[in-house]
Amino acid sequence: MKGMLLALLIGAVCSTSALALDAPKGPVVLTVKGAITNTNVGDTAEFDLAMLEALAGRKATMETPWTQGMVTFEGPLLSALLKAVGSTGSTLSVKALNDYAAEVPADDAKLATILATRMDGKLMSVRDKGPLMVVYPFDQDPSLYNEKYFSRSVWQIKEIEVGK
């Protein structure tokens, strides 16, 4: 009985810590709110660059309508971010620094979509579409190279709100 209680206690502690997000140590570059279960500041999840770059990511070289020639983007997978915050919603409102927003189906994360932090190996500055940009896998699926996905490719991202 005592051993069973200890096992339950250890399981509870381990599952709680797995759901907790560390607080950002550096400047916050992204806030995620809405239908999420894992938070670190009130009812939001805030990320600094190091936290984002610690998530599972992808590096891909491709052409886009907003860059010249072949460009290499890298950063966390959108799916890894949604998993980290415990997303329970089906839509994402992705908001830029200038308050532009696009509605993105959460299922787009299944497409190996990147939340790019770097372009050609360099951190993306606000001047160069940073600090974050939604980059679809145009390199893997040329059928995505169209206005539907271009309109969802928000840059200068500051916030993602997960809707039900």
# chains A, B, ... in the order shown; residues from 1 in each chain; ligands from 1
>>> residues_around(residues="A:Ala80", least_positions_apart="5", cutoff="12 Å", atoms="only C-alpha atoms", output="number ranges by chain")
A: 51-58, 75, 85-87, 106, 109-115
>>> closest_atom_pairs(of="stretch 69-138 of chain A", to="stretch 152-158 of chain A", cutoff="10 Å", atoms="only C-alpha atoms", output="Markdown table")
| residue | atom | partner | partner_atom | distance |
| --- | --- | --- | --- | --- |
| A:Ser93 | CA | A:Arg152 | CA | 9.7 |
| A:Val94 | CA | A:Val154 | CA | 6.9 |
| A:Lys95 | CA | A:Ile157 | CA | 5.7 |
| A:Ala96 | CA | A:Ile157 | CA | 4.2 |
| A:Leu97 | CA | A:Gln156 | CA | 5.7 |
| A:Asn98 | CA | A:Gln156 | CA | 8.0 |
| A:Asp99 | CA | A:Lys158 | CA | 8.9 |
| A:Tyr100 | CA | A:Val154 | CA | 8.1 |
| A:Ala101 | CA | A:Val154 | CA | 7.5 |
| A:Ala102 | CA | A:Arg152 | CA | 5.6 |
| A:Glu103 | CA | A:Arg152 | CA | 6.9 |
| A:Val104 | CA | A:Arg152 | CA | 6.1 |
| A:Pro105 | CA | A:Arg152 | CA | 9.3 |
| A:Asp108 | CA | A:Arg152 | CA | 9.7 |
| A:Thr113 | CA | A:Ser153 | CA | 9.8 |
| A:Leu115 | CA | A:Ile157 | CA | 9.2 |
| A:Ala116 | CA | A:Trp155 | CA | 9.0 |
| A:Met124 | CA | A:Gln156 | CA | 9.0 |
| A:Ser125 | CA | A:Gln156 | CA | 8.5 |
| A:Val126 | CA | A:Gln156 | CA | 6.1 |
| A:Arg127 | CA | A:Gln156 | CA | 8.7 |
| A:Asp128 | CA | A:Gln156 | CA | 8.5 |
| A:Lys129 | CA | A:Trp155 | CA | 5.1 |
| A:Gly130 | CA | A:Gln156 | CA | 4.7 |
| A:Pro131 | CA | A:Gln156 | CA | 5.6 |
| A:Leu132 | CA | A:Ile157 | CA | 5.2 |
| A:Met133 | CA | A:Trp155 | CA | 4.1 |
| A:Val134 | CA | A:Ser153 | CA | 4.9 |
| A:Val135 | CA | A:Ser153 | CA | 6.0 |
| A:Tyr136 | CA | A:Ser153 | CA | 7.2 |
>>> closest_residue(among="A:Leu78, A:Met70, A:Val41, A:Ala84", to="A:Pro24", atoms="only C-alpha atoms")
A:Val41
>>> atom_distance(atom1="atom CA of A:Phe138", atom2="atom CA of A:Glu159")
23.3 Å
>>> closest_residue(among="A:Glu74, A:Glu161, A:Asp139, A:Asp120", to="A:Thr31", atoms="only C-alpha atoms")
A:Glu161
>>> select_by_dssp(residues="stretch 3-138 of chain A", states="helix (DSSP H, G or I)", output="CSV table (one decimal) with all heavy atoms, in the first residue's frame")
chain,number,residue,atom,x,y,z
A,3,GLY,N,4.0,1.5,-1.0
A,3,GLY,CA,4.6,1.6,-2.3
A,3,GLY,C,3.7,2.1,-3.4
A,3,GLY,O,4.2,2.8,-4.2
A,4,MET,N,2.5,1.7,-3.3
A,4,MET,CA,1.5,2.2,-4.3
A,4,MET,C,1.3,3.7,-4.2
A,4,MET,O,1.2,4.4,-5.2
A,4,MET,CB,0.2,1.5,-4.1
A,4,MET,CG,-0.8,1.6,-5.3
A,4,MET,SD,-2.0,0.3,-5.2
A,4,MET,CE,-3.5,1.3,-5.4
A,5,LEU,N,1.2,4.2,-2.9
A,5,LEU,CA,1.0,5.6,-2.7
A,5,LEU,C,2.2,6.4,-3.2
A,5,LEU,O,2.1,7.5,-3.8
A,5,LEU,CB,0.7,5.9,-1.2
A,5,LEU,CG,-0.6,5.6,-0.7
A,5,LEU,CD1,-0.7,5.8,0.8
A,5,LEU,CD2,-1.7,6.4,-1.4
A,6,LEU,N,3.4,5.9,-3.0
A,6,LEU,CA,4.6,6.5,-3.4
A,6,LEU,C,4.7,6.6,-4.9
A,6,LEU,O,5.0,7.6,-5.5
A,6,LEU,CB,5.8,5.8,-2.9
A,6,LEU,CG,7.2,6.4,-3.2
A,6,LEU,CD1,7.3,7.8,-2.7
A,6,LEU,CD2,8.3,5.5,-2.6
A,7,ALA,N,4.3,5.5,-5.6
A,7,ALA,CA,4.2,5.4,-7.1
A,7,ALA,C,3.2,6.5,-7.6
A,7,ALA,O,3.5,7.1,-8.6
A,7,ALA,CB,3.9,4.0,-7.5
A,8,LEU,N,2.1,6.6,-7.0
A,8,LEU,CA,1.1,7.6,-7.4
A,8,LEU,C,1.6,9.0,-7.2
A,8,LEU,O,1.4,9.8,-8.1
A,8,LEU,CB,-0.2,7.4,-6.6
A,8,LEU,CG,-1.1,6.2,-7.0
A,8,LEU,CD1,-2.2,6.0,-6.1
A,8,LEU,CD2,-1.6,6.3,-8.4
A,9,LEU,N,2.3,9.2,-6.1
A,9,LEU,CA,2.8,10.6,-5.9
A,9,LEU,C,3.9,10.9,-6.9
A,9,LEU,O,3.9,12.0,-7.4
A,9,LEU,CB,3.4,10.6,-4.4
A,9,LEU,CG,4.0,12.0,-4.0
A,9,LEU,CD1,3.0,13.1,-4.1
A,9,LEU,CD2,4.6,11.9,-2.6
A,10,ILE,N,4.8,10.0,-7.1
A,10,ILE,CA,5.9,10.2,-8.1
A,10,ILE,C,5.2,10.4,-9.5
A,10,ILE,O,5.6,11.3,-10.2
A,10,ILE,CB,6.9,9.0,-8.2
A,10,ILE,CG1,7.7,9.0,-6.9
A,10,ILE,CG2,7.8,9.1,-9.4
A,10,ILE,CD1,8.5,7.8,-6.7
A,11,GLY,N,4.2,9.6,-9.9
A,11,GLY,CA,3.6,9.8,-11.2
A,11,GLY,C,2.9,11.2,-11.3
A,11,GLY,O,3.0,11.8,-12.3
A,12,ALA,N,2.3,11.6,-10.2
A,12,ALA,CA,1.6,13.0,-10.2
A,12,ALA,C,2.7,14.1,-10.4
A,12,ALA,O,2.5,15.0,-11.1
A,12,ALA,CB,0.8,13.2,-8.9
A,13,VAL,N,3.8,14.0,-9.7
A,13,VAL,CA,4.8,15.0,-9.8
A,13,VAL,C,5.4,15.0,-11.2
A,13,VAL,O,5.6,16.1,-11.8
A,13,VAL,CB,5.9,14.7,-8.7
A,13,VAL,CG1,7.2,15.6,-9.0
A,13,VAL,CG2,5.4,15.0,-7.3
A,14,CYS,N,5.7,13.8,-11.7
A,14,CYS,CA,6.3,13.8,-13.1
A,14,CYS,C,5.3,14.3,-14.1
A,14,CYS,O,5.7,15.0,-15.0
A,14,CYS,CB,6.7,12.3,-13.4
A,14,CYS,SG,8.1,11.8,-12.4
A,15,SER,N,4.1,14.0,-14.0
A,15,SER,CA,3.1,14.4,-15.0
A,15,SER,C,2.9,15.9,-14.9
A,15,SER,O,2.7,16.6,-15.9
A,15,SER,CB,1.8,13.7,-15.0
A,15,SER,OG,1.1,14.0,-13.8
A,16,THR,N,2.9,16.5,-13.7
A,16,THR,CA,2.8,17.9,-13.5
A,16,THR,C,4.0,18.7,-14.1
A,16,THR,O,3.8,19.6,-14.8
A,16,THR,CB,2.6,18.3,-12.0
A,16,THR,OG1,1.5,17.6,-11.5
A,16,THR,CG2,2.5,19.7,-11.8
A,17,SER,N,5.2,18.2,-13.8
A,17,SER,CA,6.3,18.9,-14.3
A,17,SER,C,6.4,18.8,-15.9
A,17,SER,O,6.9,19.7,-16.5
A,17,SER,CB,7.6,18.4,-13.7
A,17,SER,OG,7.8,17.0,-14.0
A,18,ALA,N,5.9,17.7,-16.4
A,18,ALA,CA,5.9,17.6,-17.9
A,18,ALA,C,5.0,18.6,-18.5
A,18,ALA,O,5.2,19.0,-19.7
A,18,ALA,CB,5.5,16.2,-18.3
A,19,LEU,N,4.0,19.0,-17.8
A,19,LEU,CA,3.0,20.0,-18.4
A,19,LEU,C,3.4,21.4,-18.2
A,19,LEU,O,2.9,22.3,-18.8
A,19,LEU,CB,1.6,19.7,-17.8
A,19,LEU,CG,1.0,18.4,-18.1
A,19,LEU,CD1,-0.4,18.3,-17.4
A,19,LEU,CD2,0.9,18.1,-19.6
A,49,LEU,N,13.5,33.4,-27.2
A,49,LEU,CA,14.0,32.7,-28.3
A,49,LEU,C,14.6,31.4,-28.0
A,49,LEU,O,14.5,30.4,-28.7
A,49,LEU,CB,15.1,33.6,-29.0
A,49,LEU,CG,15.7,33.1,-30.2
A,49,LEU,CD1,14.7,33.0,-31.3
A,49,LEU,CD2,16.9,34.0,-30.7
A,50,ALA,N,15.3,31.3,-26.8
A,50,ALA,CA,15.9,30.0,-26.5
A,50,ALA,C,14.9,28.9,-26.3
A,50,ALA,O,15.1,27.8,-26.6
A,50,ALA,CB,16.8,30.2,-25.2
A,51,MET,N,13.7,29.3,-25.7
A,51,MET,CA,12.7,28.3,-25.5
A,51,MET,C,12.1,27.8,-26.8
A,51,MET,O,11.9,26.6,-27.0
A,51,MET,CB,11.5,28.9,-24.6
A,51,MET,CG,11.9,29.2,-23.2
A,51,MET,SD,10.7,30.2,-22.4
A,51,MET,CE,9.3,29.1,-22.2
A,52,LEU,N,12.0,28.7,-27.8
A,52,LEU,CA,11.5,28.3,-29.1
A,52,LEU,C,12.4,27.4,-29.8
A,52,LEU,O,12.1,26.4,-30.4
A,52,LEU,CB,11.1,29.5,-29.9
A,52,LEU,CG,9.9,30.3,-29.5
A,52,LEU,CD1,9.9,31.6,-30.3
A,52,LEU,CD2,8.7,29.5,-29.7
A,53,GLU,N,13.7,27.8,-29.7
A,53,GLU,CA,14.7,27.0,-30.4
A,53,GLU,C,15.0,25.7,-29.8
A,53,GLU,O,15.6,24.8,-30.4
A,53,GLU,CB,16.0,27.9,-30.6
A,53,GLU,CG,15.7,29.0,-31.6
A,53,GLU,CD,17.0,29.7,-32.1
A,53,GLU,OE1,18.0,29.8,-31.4
A,53,GLU,OE2,16.9,30.3,-33.2
A,78,LEU,N,5.6,24.2,-36.0
A,78,LEU,CA,4.4,24.7,-35.4
A,78,LEU,C,3.8,23.6,-34.6
A,78,LEU,O,3.2,23.9,-33.5
A,78,LEU,CB,3.5,25.2,-36.5
A,78,LEU,CG,2.1,25.8,-36.1
A,78,LEU,CD1,2.4,27.0,-35.1
A,78,LEU,CD2,1.3,26.3,-37.3
A,79,SER,N,3.8,22.4,-35.0
A,79,SER,CA,3.3,21.3,-34.3
A,79,SER,C,3.9,21.1,-32.9
A,79,SER,O,3.3,20.8,-31.9
A,79,SER,CB,3.4,20.0,-35.1
A,79,SER,OG,4.7,19.7,-35.4
A,80,ALA,N,5.3,21.4,-32.8
A,80,ALA,CA,6.0,21.3,-31.6
A,80,ALA,C,5.5,22.4,-30.6
A,80,ALA,O,5.4,22.1,-29.4
A,80,ALA,CB,7.5,21.3,-31.8
A,81,LEU,N,5.3,23.6,-31.1
A,81,LEU,CA,4.8,24.7,-30.3
A,81,LEU,C,3.4,24.3,-29.7
A,81,LEU,O,3.2,24.5,-28.6
A,81,LEU,CB,4.8,26.0,-31.1
A,81,LEU,CG,4.2,27.1,-30.3
A,81,LEU,CD1,5.1,27.7,-29.3
A,81,LEU,CD2,3.7,28.2,-31.3
A,82,LEU,N,2.5,23.9,-30.6
A,82,LEU,CA,1.2,23.6,-30.2
A,82,LEU,C,1.2,22.4,-29.1
A,82,LEU,O,0.4,22.5,-28.2
A,82,LEU,CB,0.3,23.2,-31.4
A,82,LEU,CG,0.1,24.3,-32.4
A,82,LEU,CD1,-0.8,23.9,-33.5
A,82,LEU,CD2,-0.5,25.6,-31.7
A,83,LYS,N,2.1,21.5,-29.3
A,83,LYS,CA,2.2,20.4,-28.3
A,83,LYS,C,2.7,21.0,-27.0
A,83,LYS,O,2.2,20.6,-25.9
A,83,LYS,CB,3.1,19.3,-28.8
A,83,LYS,CG,3.3,18.1,-27.9
A,83,LYS,CD,4.2,17.1,-28.5
A,83,LYS,CE,4.3,15.9,-27.5
A,83,LYS,NZ,5.3,14.9,-28.0
A,84,ALA,N,3.7,21.8,-27.0
A,84,ALA,CA,4.3,22.4,-25.8
A,84,ALA,C,3.3,23.2,-25.0
A,84,ALA,O,3.3,23.1,-23.8
A,84,ALA,CB,5.5,23.3,-26.2
A,85,VAL,N,2.3,23.9,-25.7
A,85,VAL,CA,1.3,24.6,-24.9
A,85,VAL,C,0.1,23.8,-24.6
A,85,VAL,O,-0.8,24.3,-24.0
A,85,VAL,CB,1.0,25.9,-25.7
A,85,VAL,CG1,2.2,26.8,-25.8
A,85,VAL,CG2,0.3,25.7,-27.0
A,106,ALA,N,-5.5,24.8,-37.2
A,106,ALA,CA,-4.4,24.1,-36.4
A,106,ALA,C,-3.9,22.9,-37.2
A,106,ALA,O,-2.7,22.5,-37.0
A,106,ALA,CB,-5.0,23.7,-35.1
A,107,ASP,N,-4.7,22.3,-38.1
A,107,ASP,CA,-4.3,21.2,-38.8
A,107,ASP,C,-3.1,21.5,-39.8
A,107,ASP,O,-2.4,20.6,-40.2
A,107,ASP,CB,-5.4,20.6,-39.6
A,107,ASP,CG,-6.3,19.7,-38.8
A,107,ASP,OD1,-5.9,19.3,-37.7
A,107,ASP,OD2,-7.4,19.3,-39.3
A,108,ASP,N,-2.9,22.8,-40.1
A,108,ASP,CA,-1.8,23.2,-40.9
A,108,ASP,C,-0.4,22.8,-40.3
A,108,ASP,O,0.6,22.7,-40.9
A,108,ASP,CB,-1.8,24.7,-41.2
A,108,ASP,CG,-2.8,25.0,-42.4
A,108,ASP,OD1,-3.6,24.2,-42.8
A,108,ASP,OD2,-2.7,26.2,-42.8
A,109,ALA,N,-0.4,22.6,-38.9
A,109,ALA,CA,0.8,22.2,-38.2
A,109,ALA,C,1.2,20.8,-38.7
A,109,ALA,O,2.4,20.5,-38.6
A,109,ALA,CB,0.5,22.3,-36.7
A,110,LYS,N,0.3,20.0,-39.2
A,110,LYS,CA,0.6,18.7,-39.6
A,110,LYS,C,1.4,18.7,-40.9
A,110,LYS,O,1.9,17.7,-41.4
A,110,LYS,CB,-0.7,17.9,-39.8
A,110,LYS,CG,-1.4,17.6,-38.5
A,110,LYS,CD,-2.7,16.9,-38.8
A,110,LYS,CE,-3.5,16.8,-37.5
A,110,LYS,NZ,-4.9,16.2,-37.8
A,111,LEU,N,1.5,19.8,-41.6
A,111,LEU,CA,2.2,20.0,-42.8
A,111,LEU,C,3.7,20.2,-42.7
A,111,LEU,O,4.4,20.6,-43.7
A,111,LEU,CB,1.6,21.1,-43.6
A,111,LEU,CG,0.1,21.0,-44.0
A,111,LEU,CD1,-0.4,22.3,-44.6
A,111,LEU,CD2,-0.1,19.9,-44.9
A,126,VAL,N,13.2,42.3,-37.1
A,126,VAL,CA,11.9,42.9,-37.5
A,126,VAL,C,12.0,43.4,-38.9
A,126,VAL,O,11.0,43.2,-39.7
A,126,VAL,CB,11.4,44.0,-36.5
A,126,VAL,CG1,10.2,44.7,-37.0
A,126,VAL,CG2,11.2,43.4,-35.1
A,127,ARG,N,13.0,44.0,-39.3
A,127,ARG,CA,13.2,44.5,-40.7
A,127,ARG,C,13.2,43.4,-41.7
A,127,ARG,O,12.7,43.5,-42.9
A,127,ARG,CB,14.5,45.2,-40.8
A,127,ARG,CG,14.9,45.7,-42.2
A,127,ARG,CD,16.1,46.5,-42.2
A,127,ARG,NE,15.6,47.8,-41.9
A,127,ARG,CZ,16.3,48.9,-42.1
A,127,ARG,NH1,17.5,48.9,-42.6
A,127,ARG,NH2,15.8,50.1,-41.8
A,128,ASP,N,13.6,42.2,-41.3
A,128,ASP,CA,13.6,41.0,-42.2
A,128,ASP,C,12.6,40.0,-41.9
A,128,ASP,O,12.8,38.8,-41.9
A,128,ASP,CB,15.0,40.4,-42.2
A,128,ASP,CG,16.1,41.3,-42.8
A,128,ASP,OD1,15.8,41.9,-43.8
A,128,ASP,OD2,17.2,41.3,-42.2
>>> closest_residue(among="A:Pro142, A:Thr61, A:Lys164, A:Thr72", to="A:Leu123", atoms="only C-alpha atoms")
A:Thr72
>>> residues_around(residues="A:Lys33", least_positions_apart="6", cutoff="9 Å", atoms="only C-alpha atoms", output="ChimeraX atom specification")
/A:39,43-46,85,159-163
>>> write_last_selection(atoms="all heavy atoms", output="compact mmCIF listing (two decimals), in the first residue's frame")
# COMPACT_ATOMS: atom_id res chain seq x y z
N THR A 39 0.68 26.65 -19.34
CA THR A 39 0.96 28.08 -19.29
C THR A 39 2.16 28.35 -18.38
O THR A 39 2.58 27.47 -17.63
CB THR A 39 -0.26 28.85 -18.76
OG1 THR A 39 -0.54 28.41 -17.43
CG2 THR A 39 -1.49 28.63 -19.64
N ASP A 43 -2.67 32.98 -17.67
CA ASP A 43 -3.31 32.01 -18.55
C ASP A 43 -2.70 32.00 -19.94
O ASP A 43 -3.32 31.58 -20.91
CB ASP A 43 -4.82 32.25 -18.60
CG ASP A 43 -5.18 33.62 -19.14
OD1 ASP A 43 -4.27 34.45 -19.34
OD2 ASP A 43 -6.38 33.87 -19.37
N THR A 44 -1.44 32.48 -20.05
CA THR A 44 -0.74 32.48 -21.33
C THR A 44 0.55 31.67 -21.23
O THR A 44 1.03 31.36 -20.15
CB THR A 44 -0.37 33.92 -21.77
OG1 THR A 44 0.63 34.45 -20.89
CG2 THR A 44 -1.58 34.83 -21.81
N ALA A 45 1.09 31.37 -22.39
CA ALA A 45 2.41 30.74 -22.49
C ALA A 45 3.32 31.72 -23.21
O ALA A 45 3.05 32.10 -24.35
CB ALA A 45 2.32 29.43 -23.27
N GLU A 46 4.35 32.17 -22.51
CA GLU A 46 5.30 33.11 -23.10
C GLU A 46 6.59 32.39 -23.41
O GLU A 46 7.05 31.54 -22.64
CB GLU A 46 5.55 34.29 -22.16
CG GLU A 46 4.34 35.17 -21.99
CD GLU A 46 4.62 36.42 -21.16
OE1 GLU A 46 5.69 36.51 -20.51
OE2 GLU A 46 3.75 37.31 -21.16
N VAL A 85 2.33 23.86 -25.66
CA VAL A 85 1.33 24.64 -24.92
C VAL A 85 0.08 23.83 -24.62
O VAL A 85 -0.83 24.33 -23.96
CB VAL A 85 0.95 25.95 -25.66
CG1 VAL A 85 2.16 26.85 -25.84
CG2 VAL A 85 0.26 25.68 -26.99
N GLU A 159 2.06 37.06 -31.45
CA GLU A 159 1.07 36.34 -30.64
C GLU A 159 0.32 35.32 -31.48
O GLU A 159 0.05 35.54 -32.66
CB GLU A 159 0.08 37.36 -30.07
CG GLU A 159 -1.02 36.78 -29.22
CD GLU A 159 -1.98 37.86 -28.74
OE1 GLU A 159 -1.60 38.61 -27.83
OE2 GLU A 159 -3.07 37.97 -29.32
N ILE A 160 -0.01 34.21 -30.83
CA ILE A 160 -0.89 33.21 -31.44
C ILE A 160 -2.01 32.95 -30.44
O ILE A 160 -1.74 32.62 -29.28
CB ILE A 160 -0.15 31.91 -31.78
CG1 ILE A 160 0.94 32.19 -32.80
CG2 ILE A 160 -1.13 30.84 -32.28
CD1 ILE A 160 1.82 30.98 -33.12
N GLU A 161 -3.23 33.10 -30.90
CA GLU A 161 -4.38 32.78 -30.05
C GLU A 161 -5.02 31.50 -30.59
O GLU A 161 -5.44 31.45 -31.75
CB GLU A 161 -5.41 33.91 -30.02
CG GLU A 161 -6.54 33.62 -29.09
CD GLU A 161 -7.44 34.81 -28.81
OE1 GLU A 161 -7.16 35.91 -29.29
OE2 GLU A 161 -8.45 34.61 -28.11
N VAL A 162 -5.10 30.50 -29.74
CA VAL A 162 -5.70 29.22 -30.12
C VAL A 162 -7.18 29.29 -29.84
O VAL A 162 -7.60 29.54 -28.71
CB VAL A 162 -5.05 28.06 -29.33
CG1 VAL A 162 -5.68 26.73 -29.74
CG2 VAL A 162 -3.54 28.02 -29.54
N GLY A 163 -7.98 29.13 -30.88
CA GLY A 163 -9.44 29.15 -30.74
C GLY A 163 -9.99 27.74 -30.72
O GLY A 163 -9.34 26.79 -31.13
>>> select_by_dssp(residues="stretch 78-122 of chain A", states="strand (DSSP E or B)", output="PyMOL selection string")
chain A and resi 87+91-96+101-105+114-116+118-119+122
>>> atom_distance(atom1="atom CA of A:Ile36", atom2="atom CA of A:Thr88")
5.8 Å
>>> atom_distance(atom1="atom CA of A:Pro27", atom2="atom CA of A:Asp48")
5.6 Å
